[in-house]
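upload-v1.cif (mmCIF, C-alpha atoms) appears below.
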```cif
data_input
loop_
_atom_site.label_atom_id
_atom_site.label_comp_id
_atom_site.auth_asym_id
_atom_site.auth_seq_id
_atom_site.Cartn_x
_atom_site.Cartn_y
_atom_site.Cartn_z
CA MET A 575 -9.04 85.07 -44.28
CA THR A 576 -10.54 88.28 -42.88
CA ASP A 577 -8.97 90.11 -39.93
CA LYS A 578 -12.17 89.62 -37.97
CA ARG A 579 -12.00 85.87 -38.45
CA LEU A 580 -8.33 85.87 -37.40
CA ASP A 581 -9.24 87.65 -34.17
CA LYS A 582 -11.93 85.07 -33.53
CA LEU A 583 -9.33 82.34 -33.92
CA VAL A 584 -6.93 84.17 -31.60
CA ARG A 585 -9.64 84.32 -28.93
CA ALA A 586 -10.38 80.62 -29.39
CA PHE A 587 -6.70 79.71 -29.21
CA ALA A 588 -6.28 81.85 -26.08
CA LYS A 589 -8.96 79.63 -24.53
CA GLY A 590 -7.00 76.52 -25.46
CA ASP A 591 -8.62 75.53 -28.78
CA GLU A 592 -5.84 73.72 -30.67
CA SER A 593 -7.70 73.64 -33.97
CA ALA A 594 -7.73 77.45 -33.83
CA PHE A 595 -3.94 77.41 -33.74
CA ASP A 596 -3.87 75.17 -36.84
CA ALA A 597 -6.06 77.66 -38.69
CA LEU A 598 -4.02 80.64 -37.49
CA TYR A 599 -0.83 78.94 -38.61
CA GLU A 600 -2.33 78.10 -41.99
CA ALA A 601 -3.50 81.70 -42.49
CA THR A 602 -0.28 83.44 -41.45
CA SER A 603 2.67 81.08 -42.05
CA ALA A 604 3.46 82.48 -45.50
CA ASP A 605 3.40 86.07 -44.20
CA VAL A 606 5.64 85.13 -41.30
CA TYR A 607 8.12 83.08 -43.32
CA TYR A 608 8.58 85.57 -46.16
CA THR A 609 8.79 88.52 -43.76
CA ILE A 610 11.74 86.76 -42.11
CA LEU A 611 13.25 85.64 -45.40
CA MET A 612 13.25 89.21 -46.72
CA VAL A 613 15.46 90.21 -43.76
CA LEU A 614 17.75 87.21 -43.52
CA LYS A 615 17.89 86.02 -47.17
CA ASP A 616 18.57 82.57 -45.74
CA PRO A 617 15.83 79.92 -46.00
CA SER A 618 17.35 77.60 -43.41
CA LEU A 619 17.80 80.24 -40.69
CA SER A 620 14.39 81.70 -41.59
CA GLU A 621 12.78 78.38 -40.77
CA ASP A 622 14.24 78.49 -37.24
CA ILE A 623 13.16 82.08 -36.71
CA MET A 624 9.69 81.22 -38.01
CA GLN A 625 9.39 78.67 -35.20
CA ASP A 626 10.62 81.24 -32.66
CA THR A 627 8.06 83.75 -33.96
CA TYR A 628 5.07 81.52 -33.23
CA MET A 629 6.43 80.68 -29.79
CA LYS A 630 6.96 84.36 -29.05
CA MET A 631 3.41 85.03 -30.28
CA ILE A 632 2.04 82.42 -27.86
CA GLU A 633 4.00 83.91 -24.96
CA SER A 634 2.81 87.41 -25.81
CA LEU A 635 -0.81 86.41 -26.41
CA PRO A 636 -2.07 87.86 -23.10
CA LYS A 637 -0.84 91.29 -24.27
CA TYR A 638 -2.63 91.12 -27.64
CA ARG A 639 -5.84 93.14 -27.89
CA PRO A 640 -8.01 91.87 -30.78
CA GLN A 641 -8.44 94.89 -33.06
CA GLY A 642 -8.25 93.18 -36.42
CA LYS A 643 -4.48 93.53 -36.57
CA PHE A 644 -3.23 90.02 -35.79
CA ARG A 645 -1.49 89.59 -39.14
CA ALA A 646 0.37 92.87 -38.71
CA TRP A 647 1.20 91.99 -35.11
CA ILE A 648 2.73 88.60 -35.86
CA LYS A 649 4.64 90.08 -38.83
CA THR A 650 6.10 92.69 -36.46
CA ILE A 651 7.24 89.93 -34.10
CA ALA A 652 8.72 88.03 -37.06
CA LYS A 653 10.58 91.07 -38.35
CA ARG A 654 11.97 91.92 -34.92
CA LEU A 655 13.26 88.39 -34.33
CA ALA A 656 14.69 88.28 -37.85
CA LEU A 657 16.55 91.54 -37.28
CA ASN A 658 17.91 90.22 -33.98
CA ALA A 659 19.12 87.10 -35.77
CA TYR A 660 20.62 89.22 -38.54
CA HIS A 661 22.60 91.35 -36.06
CA GLU A 662 23.62 88.24 -34.16
CA ARG A 663 24.95 86.66 -37.35
CA LYS A 664 26.69 89.90 -38.26
CA LYS A 665 28.41 89.93 -34.88
CA GLU A 666 29.57 86.35 -35.30
CA SER A 667 30.81 86.76 -38.87
CA PRO A 668 31.22 90.46 -39.60
CA HIS A 669 32.53 89.85 -43.15
CA ASP A 670 29.53 87.82 -44.27
CA ASP A 671 28.55 90.42 -46.86
CA ASP A 672 31.89 90.05 -48.63
CA GLU A 673 30.79 86.63 -49.81
CA GLY A 674 27.86 88.14 -51.68
CA PRO A 675 24.15 87.94 -50.88
CA LEU A 676 22.59 84.60 -50.03
CA SER A 677 20.02 83.33 -52.47
CA LEU A 678 16.43 84.07 -51.53
CA LEU A 679 15.00 80.75 -52.53
CA ALA A 680 17.76 78.12 -52.90
CA GLN A 681 17.76 75.59 -50.08
CA GLU A 682 21.07 74.56 -48.56
CA ASP A 683 20.39 70.84 -48.84
CA GLY A 684 21.86 70.77 -52.32
CA SER A 685 18.66 69.34 -53.75
CA GLU A 686 18.54 69.66 -57.52
CA LYS A 687 14.78 69.62 -57.64
CA ARG A 688 13.41 73.13 -57.95
CA SER A 689 10.27 74.18 -56.13
CA GLU A 690 7.40 75.69 -58.12
CA LEU A 691 8.36 79.16 -56.91
CA GLU A 692 12.01 78.71 -57.87
CA GLU A 693 10.89 77.42 -61.23
CA LEU A 694 8.63 80.44 -61.76
CA MET A 695 11.36 82.87 -60.73
CA ARG A 696 14.35 81.21 -62.35
CA THR A 697 14.87 84.03 -64.84
CA LEU A 698 14.78 86.79 -62.20
CA ASP A 699 17.75 88.34 -60.44
CA GLU A 700 17.76 88.46 -56.62
CA GLU A 701 16.41 92.00 -56.45
CA GLU A 702 13.57 91.21 -58.82
CA LYS A 703 12.70 88.14 -56.75
CA GLU A 704 12.64 90.27 -53.63
CA ILE A 705 10.39 92.89 -55.21
CA VAL A 706 7.99 90.24 -56.50
CA ILE A 707 7.81 88.40 -53.17
CA ARG A 708 7.37 91.60 -51.19
CA HIS A 709 4.53 92.83 -53.42
CA ALA A 710 2.73 89.70 -54.60
CA VAL A 711 3.19 87.52 -51.51
CA LEU A 712 3.51 89.95 -48.61
CA GLY A 713 1.22 92.59 -50.10
CA GLU A 714 3.73 95.40 -49.48
CA LYS A 715 3.16 98.61 -51.38
CA HIS A 716 5.64 99.52 -54.10
CA LYS A 717 6.33 102.74 -52.21
CA ASP A 718 7.37 100.81 -49.09
CA ILE A 719 9.45 98.38 -51.14
CA ALA A 720 11.23 101.33 -52.74
CA GLU A 721 11.98 102.67 -49.27
CA ALA A 722 13.21 99.30 -47.98
CA LEU A 723 15.50 98.78 -50.98
CA ALA A 724 16.55 102.44 -51.16
CA ARG A 725 15.45 102.57 -54.78
CA PRO A 726 13.29 105.15 -56.55
CA LEU A 727 9.60 104.20 -56.78
CA GLY A 728 9.76 104.28 -60.58
CA THR A 729 12.60 101.74 -60.59
CA VAL A 730 10.68 99.40 -58.32
CA LEU A 731 7.52 99.68 -60.45
CA TRP A 732 9.54 99.09 -63.60
CA LYS A 733 11.43 96.13 -62.13
CA TYR A 734 8.18 94.58 -60.91
CA ARG A 735 6.51 94.84 -64.30
CA ASN A 736 9.69 93.67 -65.98
CA ALA A 737 9.91 90.65 -63.65
CA LEU A 738 6.32 89.66 -64.37
CA GLY A 739 7.05 90.08 -68.07
CA LYS A 740 10.09 87.78 -67.81
CA MET A 741 8.08 85.19 -65.91
CA ARG A 742 5.31 85.35 -68.46
CA ARG A 743 7.73 84.87 -71.32
CA LYS A 744 9.80 82.08 -69.76
CA GLY A 745 7.45 80.51 -67.30
CA GLY A 746 4.47 79.64 -69.44
CA ALA A 747 0.93 80.83 -69.02
CA PRO A 748 -0.95 80.44 -65.76
CA ASP A 749 -3.30 77.48 -65.72
CA GLU A 750 -6.32 79.75 -65.87
CA GLU A 751 -5.31 81.26 -69.18
CA MET B 1354 -5.81 91.46 -65.37
CA LYS B 1355 -2.93 89.26 -66.51
CA ASN B 1356 -0.77 90.59 -63.70
CA LYS B 1357 -3.40 89.58 -61.18
CA GLU B 1358 -3.41 86.01 -62.51
CA TRP B 1359 0.36 85.91 -62.13
CA GLU B 1360 0.27 87.36 -58.64
CA LYS B 1361 -2.23 84.66 -57.72
CA ARG B 1362 0.03 81.99 -59.17
CA ILE B 1363 3.09 83.38 -57.36
CA ARG B 1364 1.20 83.50 -54.06
CA SER B 1365 0.09 79.92 -54.44
CA ALA B 1366 3.61 78.73 -55.36
CA ALA B 1367 5.12 80.73 -52.49
CA LYS B 1368 2.74 79.15 -50.01
CA LYS B 1369 3.90 75.70 -51.07
CA ASP B 1370 7.50 76.70 -50.31
CA VAL B 1371 6.79 77.68 -46.71
CA PRO B 1372 8.47 75.19 -44.37
CA ASP B 1373 6.04 73.37 -42.11
CA VAL B 1374 7.13 73.92 -38.53
CA LYS B 1375 3.68 73.53 -36.99
CA GLU B 1376 4.38 70.21 -35.30
CA GLU B 1377 7.66 71.47 -33.83
CA ILE B 1378 5.80 74.44 -32.37
CA LYS B 1379 3.02 72.24 -31.02
CA SER B 1380 5.47 69.95 -29.29
CA SER B 1381 7.31 72.85 -27.63
CA ASP B 1382 6.99 73.60 -23.90
CA VAL B 1383 5.67 77.08 -24.68
CA TYR B 1384 2.75 75.70 -26.68
CA GLN B 1385 1.98 72.86 -24.27
CA ASN B 1386 2.08 75.18 -21.24
CA HIS B 1387 -0.28 77.60 -22.98
CA ILE B 1388 -2.83 74.89 -23.75
CA THR B 1389 -2.65 73.42 -20.26
CA SER B 1390 -3.06 76.76 -18.53
CA ALA B 1391 -5.84 77.94 -20.90
CA LEU B 1392 -7.85 74.76 -20.34
CA HIS B 1393 -7.33 74.99 -16.60
CA LYS B 1394 -8.53 78.60 -16.59
CA ARG B 1395 -11.57 77.63 -18.65
CA SER B 1396 -12.58 74.85 -16.28
CA THR B 1397 -12.37 77.15 -13.25
CA THR B 1398 -14.27 79.94 -15.03
CA SER B 1399 -17.08 77.62 -16.01
CA GLY B 1400 -17.59 76.96 -12.29
CA LYS B 1401 -18.87 80.49 -11.73
CA SER B 1402 -22.39 80.63 -10.41
CA PHE B 1403 -25.27 81.03 -12.84
CA ALA B 1404 -26.62 83.81 -10.62
CA LEU B 1405 -23.52 85.89 -11.27
CA ARG B 1406 -23.88 85.32 -15.01
CA TYR B 1407 -27.48 86.60 -14.89
CA VAL B 1408 -26.28 89.71 -13.04
CA TYR B 1409 -23.66 90.36 -15.79
CA ALA B 1410 -26.22 89.77 -18.53
CA GLY B 1411 -28.65 92.16 -16.85
CA MET B 1412 -25.96 94.82 -16.57
CA ALA B 1413 -25.17 94.43 -20.29
CA VAL B 1414 -28.83 94.90 -21.25
CA VAL B 1415 -29.05 98.08 -19.14
CA ALA B 1416 -25.83 99.40 -20.70
CA VAL B 1417 -27.15 98.83 -24.24
CA PHE B 1418 -30.44 100.53 -23.34
CA MET B 1419 -28.60 103.56 -21.90
CA LEU B 1420 -26.40 103.82 -24.99
CA ALA B 1421 -29.52 103.83 -27.14
CA LEU B 1422 -30.81 106.79 -25.11
CA ILE B 1423 -27.54 108.71 -25.26
CA LEU B 1424 -27.11 108.19 -29.00
CA PRO B 1425 -30.62 108.64 -30.40
CA PHE B 1426 -29.43 108.76 -34.00
CA GLY B 1427 -26.59 106.27 -33.70
CA ILE B 1428 -23.29 106.53 -35.57
CA ASP B 1429 -25.11 105.30 -38.67
CA GLY B 1430 -26.92 108.63 -38.85
CA ALA B 1431 -23.64 110.55 -39.05
CA THR B 1432 -22.41 112.45 -42.07
CA SER B 1433 -19.06 111.19 -43.33
CA VAL B 1434 -16.36 113.42 -44.77
CA TYR B 1435 -13.82 111.49 -46.85
CA LEU B 1436 -10.34 112.88 -47.43
CA ASP B 1437 -7.74 111.27 -49.66
CA ILE B 1438 -4.29 112.79 -49.34
CA ASN B 1439 -2.76 109.35 -49.71
CA PRO B 1440 -3.54 108.53 -46.16
CA GLY B 1441 -7.28 107.98 -46.62
CA LEU B 1442 -9.47 109.20 -43.77
CA ARG B 1443 -13.16 109.24 -42.95
CA ILE B 1444 -14.42 111.81 -40.47
CA ASP B 1445 -17.87 111.17 -39.03
CA ILE B 1446 -19.61 114.34 -37.85
CA ASP B 1447 -22.85 115.15 -36.06
CA GLU B 1448 -25.55 117.59 -37.18
CA GLU B 1449 -23.60 120.51 -35.73
CA ASP B 1450 -20.47 119.59 -37.67
CA ASN B 1451 -18.63 118.35 -34.59
CA VAL B 1452 -16.50 115.26 -34.99
CA LEU B 1453 -17.86 111.99 -33.64
CA ASP B 1454 -14.96 109.81 -34.73
CA LEU B 1455 -12.13 109.50 -37.20
CA PHE B 1456 -11.31 106.35 -39.21
CA ALA B 1457 -8.61 105.24 -41.66
CA THR B 1458 -9.75 104.10 -45.10
CA ASN B 1459 -6.39 102.72 -46.22
CA PRO B 1460 -3.21 101.36 -44.57
CA ASP B 1461 -1.40 104.72 -44.73
CA GLY B 1462 -4.39 106.21 -42.97
CA GLU B 1463 -3.89 103.76 -40.07
CA ASP B 1464 -0.39 105.09 -39.44
CA PHE B 1465 -1.47 108.66 -40.00
CA LEU B 1466 -4.22 108.45 -37.36
CA THR B 1467 -1.61 107.94 -34.67
CA LEU B 1468 -0.13 111.38 -35.43
CA LEU B 1469 -3.36 113.29 -34.92
CA ASP B 1470 -4.76 114.98 -31.83
CA GLU B 1471 -7.81 113.48 -30.15
CA PRO B 1472 -10.58 114.46 -32.60
CA GLU B 1473 -13.77 113.68 -30.68
CA ASP B 1474 -16.21 116.56 -30.06
CA LYS B 1475 -13.97 119.05 -31.88
CA PRO B 1476 -15.32 121.20 -34.72
CA LEU B 1477 -14.71 119.67 -38.17
CA ASP B 1478 -12.59 122.65 -39.27
CA ASP B 1479 -10.17 122.19 -36.35
CA VAL B 1480 -9.75 118.48 -37.08
CA ILE B 1481 -9.15 119.16 -40.78
CA ASP B 1482 -6.56 121.82 -39.87
CA ASN B 1483 -4.78 119.26 -37.71
CA ILE B 1484 -4.87 116.73 -40.57
CA ILE B 1485 -3.45 119.27 -43.01
CA ASP B 1486 -0.65 120.31 -40.63
CA LYS B 1487 0.43 116.70 -40.18
CA ALA B 1488 0.04 115.88 -43.88
CA ILE B 1489 2.35 118.77 -44.77
CA GLU B 1490 4.78 117.87 -41.97
CA ARG B 1491 4.99 114.28 -43.22
CA GLY B 1492 5.28 115.24 -46.89
CA TYR B 1493 1.95 113.76 -48.01
CA LEU B 1494 0.99 117.25 -49.11
CA SER B 1495 3.83 118.98 -50.90
CA ASP B 1496 4.66 120.95 -54.03
CA GLU B 1497 5.05 117.56 -55.75
CA ALA B 1498 1.77 116.20 -54.39
CA PRO B 1499 -0.49 119.23 -54.11
CA TYR B 1500 -3.90 117.53 -54.20
CA ILE B 1501 -6.67 116.51 -51.86
CA VAL B 1502 -9.59 114.43 -53.05
CA TYR B 1503 -12.66 114.84 -50.90
CA ASP B 1504 -16.14 113.52 -50.70
CA VAL B 1505 -19.08 113.97 -48.32
CA ARG B 1506 -21.89 111.53 -47.74
CA GLY B 1507 -24.70 111.75 -45.22
CA PRO B 1508 -28.39 111.48 -44.52
CA SER B 1509 -29.00 115.25 -44.81
CA ALA B 1510 -28.63 116.70 -48.30
CA GLU B 1511 -28.48 120.18 -46.81
CA GLN B 1512 -25.56 119.32 -44.51
CA GLU B 1513 -23.82 117.36 -47.26
CA GLU B 1514 -24.01 120.32 -49.65
CA ARG B 1515 -22.97 122.80 -46.95
CA ILE B 1516 -19.87 120.78 -45.99
CA LEU B 1517 -18.93 120.20 -49.63
CA GLN B 1518 -19.08 123.91 -50.29
CA ARG B 1519 -17.11 124.74 -47.17
CA LEU B 1520 -14.34 122.27 -48.04
CA GLU B 1521 -14.22 123.58 -51.57
CA GLU B 1522 -13.72 127.14 -50.35
CA ARG B 1523 -11.71 126.54 -47.22
CA LEU B 1524 -9.17 123.91 -48.30
CA PRO B 1525 -7.57 126.13 -50.97
CA ASP B 1526 -7.49 128.98 -48.41
CA VAL B 1527 -5.79 126.90 -45.74
CA VAL B 1528 -3.45 124.83 -47.92
CA GLY B 1529 -3.01 127.09 -50.96
CA THR B 1530 -0.81 129.54 -49.09
CA ARG B 1531 1.54 126.77 -48.01
CA ILE B 1532 1.64 124.46 -51.05
CA ALA B 1533 2.32 125.76 -54.55
CA GLY B 1534 -0.24 124.74 -57.16
CA PHE B 1535 -2.59 123.22 -54.60
CA ALA B 1536 -5.90 121.96 -55.95
CA VAL B 1537 -8.86 120.15 -54.46
CA MET B 1538 -10.80 117.51 -56.34
CA ARG B 1539 -14.35 116.85 -55.45
CA GLY B 1540 -16.48 113.75 -55.78
CA HIS B 1541 -20.23 113.44 -55.39
CA GLY B 1542 -21.85 110.62 -53.46
CA GLY B 1543 -25.20 110.96 -55.21
CA ASP B 1544 -24.26 109.54 -58.59
CA GLU B 1545 -22.37 106.50 -57.34
CA THR B 1546 -23.61 103.08 -58.31
CA PRO B 1547 -23.94 100.42 -55.59
CA ASP B 1548 -21.28 98.42 -57.42
CA GLU B 1549 -18.83 101.34 -57.24
CA GLN B 1550 -19.57 101.83 -53.56
CA GLU B 1551 -18.89 98.17 -52.88
CA ARG B 1552 -15.64 98.17 -54.82
CA ALA B 1553 -14.49 101.40 -53.14
CA GLN B 1554 -15.26 99.91 -49.75
CA THR B 1555 -13.39 96.71 -50.62
CA HIS B 1556 -10.26 98.71 -51.44
CA GLY B 1557 -10.69 101.19 -48.56
CA MET B 1558 -10.85 104.27 -50.75
CA SER B 1559 -13.36 106.89 -51.79
CA VAL B 1560 -15.39 106.35 -54.95
CA MET B 1561 -13.74 109.41 -56.44
CA ARG B 1562 -10.32 107.82 -56.09
CA LEU B 1563 -11.59 104.46 -57.35
CA ARG B 1564 -12.90 106.12 -60.51
CA LEU B 1565 -9.62 107.87 -61.13
CA ILE B 1566 -7.61 104.64 -60.73
CA GLU B 1567 -9.95 102.58 -62.89
CA HIS B 1568 -9.82 105.32 -65.51
CA ILE B 1569 -5.99 105.09 -65.68
CA ASP B 1570 -6.15 101.29 -65.61
CA ASP B 1571 -8.56 101.35 -68.57
CA GLU B 1572 -6.44 103.80 -70.55
CA THR B 1573 -3.04 102.10 -70.23
CA ASP B 1574 -1.68 98.54 -70.06
CA ASP B 1575 1.47 99.75 -68.30
CA TYR B 1576 -0.11 99.83 -64.86
CA SER B 1577 -2.47 97.41 -63.16
CA PHE B 1578 -5.04 98.36 -60.55
CA ALA B 1579 -2.74 96.81 -57.91
CA ASP B 1580 0.14 99.07 -59.04
CA LEU B 1581 -2.01 102.16 -58.79
CA LYS B 1582 -4.19 101.65 -55.78
CA ASP B 1583 -1.65 102.78 -53.20
CA LEU B 1584 -0.11 105.67 -55.12
CA SER B 1585 -0.73 109.26 -54.02
CA VAL B 1586 -3.03 111.48 -56.06
CA GLY B 1587 0.03 113.45 -57.17
CA GLU B 1588 1.67 110.28 -58.48
CA LEU B 1589 -1.55 109.24 -60.26
CA ARG B 1590 -1.74 112.67 -61.80
CA ARG B 1591 1.88 112.40 -62.97
CA ILE B 1592 1.18 109.02 -64.61
CA MET B 1593 -1.82 110.54 -66.38
CA GLU B 1594 0.37 113.30 -67.74
CA GLU B 1595 3.17 110.92 -68.74
CA LYS B 1596 0.80 108.56 -70.50
CA ASP B 1597 -1.23 111.38 -71.98
CA ILE B 1598 -4.43 110.09 -70.44
CA PRO B 1599 -7.37 112.46 -70.96
CA HIS B 1600 -8.65 114.10 -67.81
CA HIS B 1601 -12.09 112.72 -67.31
CA THR B 1602 -13.67 109.93 -65.36
CA PRO B 1603 -16.47 107.78 -66.64
CA GLY B 1604 -19.72 107.77 -64.71
CA PRO B 1605 -20.44 111.08 -63.04
CA PRO B 1606 -21.07 114.25 -65.02
CA SER B 1607 -17.80 116.11 -65.56
CA ASP B 1608 -19.36 119.56 -65.69
CA ARG B 1609 -20.77 119.60 -62.19
CA PRO B 1610 -19.98 122.71 -60.18
CA GLY B 1611 -16.70 122.44 -58.32
CA GLY B 1612 -16.03 119.11 -60.00
CA PRO B 1613 -12.60 117.67 -60.64
CA PRO B 1614 -10.57 118.91 -63.59
CA TRP B 1615 -10.93 115.62 -65.48
#
```

Reformat the file's structure so that it appears as structure tokens.
Amino acid sequence: MTDKRLDKLVRAFAKGDESAFDALYEATSADVYYTILMVLKDPSLSEDIMQDTYMKMIESLPKYRPQGKFRAWIKTIAKRLALNAYHERKKESPHDDDEGPLSLLAQEDGSEKRSELEELMRTLDEEEKEIVIRHAVLGEKHKDIAEALARPLGTVLWKYRNALGKMRRKGGAPDEE
Amino acid sequence: MKNKEWEKRIRSAAKKDVPDVKEEIKSSDVYQNHITSALHKRSTTSGKSFALRYVYAGMAVVAVFMLALILPFGIDGATSVYLDINPGLRIDIDEEDNVLDLFATNPDGEDFLTLLDEPEDKPLDDVIDNIIDKAIERGYLSDEAPYIVYDVRGPSAEQEERILQRLEERLPDVVGTRIAGFAVMRGHGGDETPDEQERAQTHGMSVMRLRLIEHIDDETDDYSFADLKDLSVGELRRIMEEKDIPHHTPGPPSDRPGGPPW
């Protein structure tokens, strides 16, 4: 969906149009969820923060000036709330990191059934998953991913290509092929 | 091409994994209060007198008419100077080479714009100096990335040619003393196809940069267009050297005066 169209929906929702909210949610929920997940690495907590993000967006709506940047704006809110939650969790259990990183995609409900995304990424390590999600889903540039992961750009580019290669080899061909 | 198919497949799978919290949000007090207050505001606003609306409409018509008088040629008549340093920028100038407005042509450009001084009504040279200072300060222009790709397009061939020539002479003078091995690369607007223009516009880059990226994409399977489109010119150049890609772009004549080295 174009940024212009998003701004139109924001204006409609500001006037109380509930169907505009449905469309806004549909267009941005993946951006919001994965932005949070990249910070927290915890699907269950990310779901809660995702809810908080939309509520914060609604509260802050009077301050938003439609300039074609709604997606970036709501992602900023999501990231800020995710970082707050991260620091909060850190304060509560300062030794969390000692237990190793949480899985990016595995749900805590113990369900054995893998989602399509988990299935696609089953051969990737956690860092590869993160690079793929950041680039392919969130549209982040490799340069920014390299900065976020404190890795050289070449490594990120290589890991990304390598991850796609692994998925191609193990995951079967896309339907279109 | 294959990478793009996979990215599409990943995006679609990722979307299916997003938890649906819409109903929880819609049943929250925050959401309900927003809807109630927005609808209340709308019902009171719609009670405004028609007479007042006609006054507002009349004022809008007068404002548009006055703008048309003030800007006889409109922003569409401006000449555009495109600079790609990695932040991509478009500078619109008037007939006297003063800046009308400055725009970003890629996401890095958006951030970069916030660093610059107010450009309106300033001479083009001053605005370019400001851009160069900030680009060097932020490391976009450095010994490792010593390139600027530029392009000029406008309704006056004379002005277009004059600005092209000035950039070609002035940029090496201004930047060359500060950045080792600095080079400028020039693109011509005249030999672009409509298809190239459309694709360049879609990706928010100049046609010159689009041609360079598509050239690398054609010559090697190691990088996709998506991998390349956000890299700096220095990084693109490095890839070309690493992969031994010949320095030429398809399409425009390579022997034009002041043309790029490929």

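For the pair atom CA of B:Asp1496 and atom CA of A:Tyr734, the interatomic distance is 27.5 Å.
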
Within 6 Å of chain A, which residues of chain B show up when using only C-alpha atoms, listed as a ChimeraX atom specification?
/B:1360,1364,1366-1368,1371,1388,1391-1392

Could you check which of B:Pro1499, B:Lys1375, B:Val1528, B:Gly1462 is closest to B:Asp1486, using only C-alpha atoms?
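Of the candidates, the smallest distance to B:Asp1486 is held by B:Val1528.
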
Could you tell me how far atom CA of B:Arg1591 sits from atom CA of B:Asp1575, in Å to one decimal place?
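If I compute the distance from atom CA of B:Asp1575 to atom CA of B:Arg1591, I get 13.7 Å.
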
re atom CA of B:Gln1385 and atom CA of A:Leu580: distance 21.2 Å

Need to verify the contact set: B:Ala1488, 10 Å, all atoms listed in the file, exclusion of same-chain residues closer than 4 positions in sequence. Can you return it as a ChimeraX atom specification?
/B:1438-1440,1465,1468-1469,1482-1484,1492-1495

Near A:Asn658, within 12 Å and counting only C-alpha atoms, which residues show up once chain neighbours fewer than 6 positions away are dropped, as a PyMOL selection string?
chain A and resi 610+613-614+620+623+626-627+651-652+664-665

For the structure provided, state which residues fall under the PyMOL selection byres ((chain B and resi 1520) around 12), and present them as a ChimeraX atom specification.
/B:1434-1436,1477-1478,1481-1482,1501-1505,1513-1519,1521-1528,1536-1540,1611

Filtering to C-alpha atoms, could you give me those residues as a compact mmCIF listing (two decimals), in the coordinates of the input?
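Writing done, so here's result.txt:
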```txt
# COMPACT_ATOMS: atom_id res chain seq x y z
CA VAL B 1434 -16.36 113.42 -44.77
CA TYR B 1435 -13.82 111.49 -46.85
CA LEU B 1436 -10.34 112.88 -47.43
CA LEU B 1477 -14.71 119.67 -38.17
CA ASP B 1478 -12.59 122.65 -39.27
CA ILE B 1481 -9.15 119.16 -40.78
CA ASP B 1482 -6.56 121.82 -39.87
CA ILE B 1501 -6.67 116.51 -51.86
CA VAL B 1502 -9.59 114.43 -53.05
CA TYR B 1503 -12.66 114.84 -50.90
CA ASP B 1504 -16.14 113.52 -50.70
CA VAL B 1505 -19.08 113.97 -48.32
CA GLU B 1513 -23.82 117.36 -47.26
CA GLU B 1514 -24.01 120.32 -49.65
CA ARG B 1515 -22.97 122.80 -46.95
CA ILE B 1516 -19.87 120.78 -45.99
CA LEU B 1517 -18.93 120.20 -49.63
CA GLN B 1518 -19.08 123.91 -50.29
CA ARG B 1519 -17.11 124.74 -47.17
CA GLU B 1521 -14.22 123.58 -51.57
CA GLU B 1522 -13.72 127.14 -50.35
CA ARG B 1523 -11.71 126.54 -47.22
CA LEU B 1524 -9.17 123.91 -48.30
CA PRO B 1525 -7.57 126.13 -50.97
CA ASP B 1526 -7.49 128.98 -48.41
CA VAL B 1527 -5.79 126.90 -45.74
CA VAL B 1528 -3.45 124.83 -47.92
CA ALA B 1536 -5.90 121.96 -55.95
CA VAL B 1537 -8.86 120.15 -54.46
CA MET B 1538 -10.80 117.51 -56.34
CA ARG B 1539 -14.35 116.85 -55.45
CA GLY B 1540 -16.48 113.75 -55.78
CA GLY B 1611 -16.70 122.44 -58.32
```

Hey, what's within 7 Å of A:Gly642 if we count only C-alpha atoms and toss same-chain stuff fewer than 2 positions away? As a list in words, please?
Asp577, Lys578, Asp581, Pro640 and Phe644 of chain A

If the PyMOL selection byres ((chain B and resi 1432) around 7) is run on the structure shown, which residues does it catch, given as a list in words?
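So the PyMOL selection byres ((chain B and resi 1432) around 7) ends up selecting Gly1430, Ala1431, Ser1433, Val1434, Asp1445, Ile1446, Asp1447, Arg1506, Gly1507 and Pro1508 of chain B.
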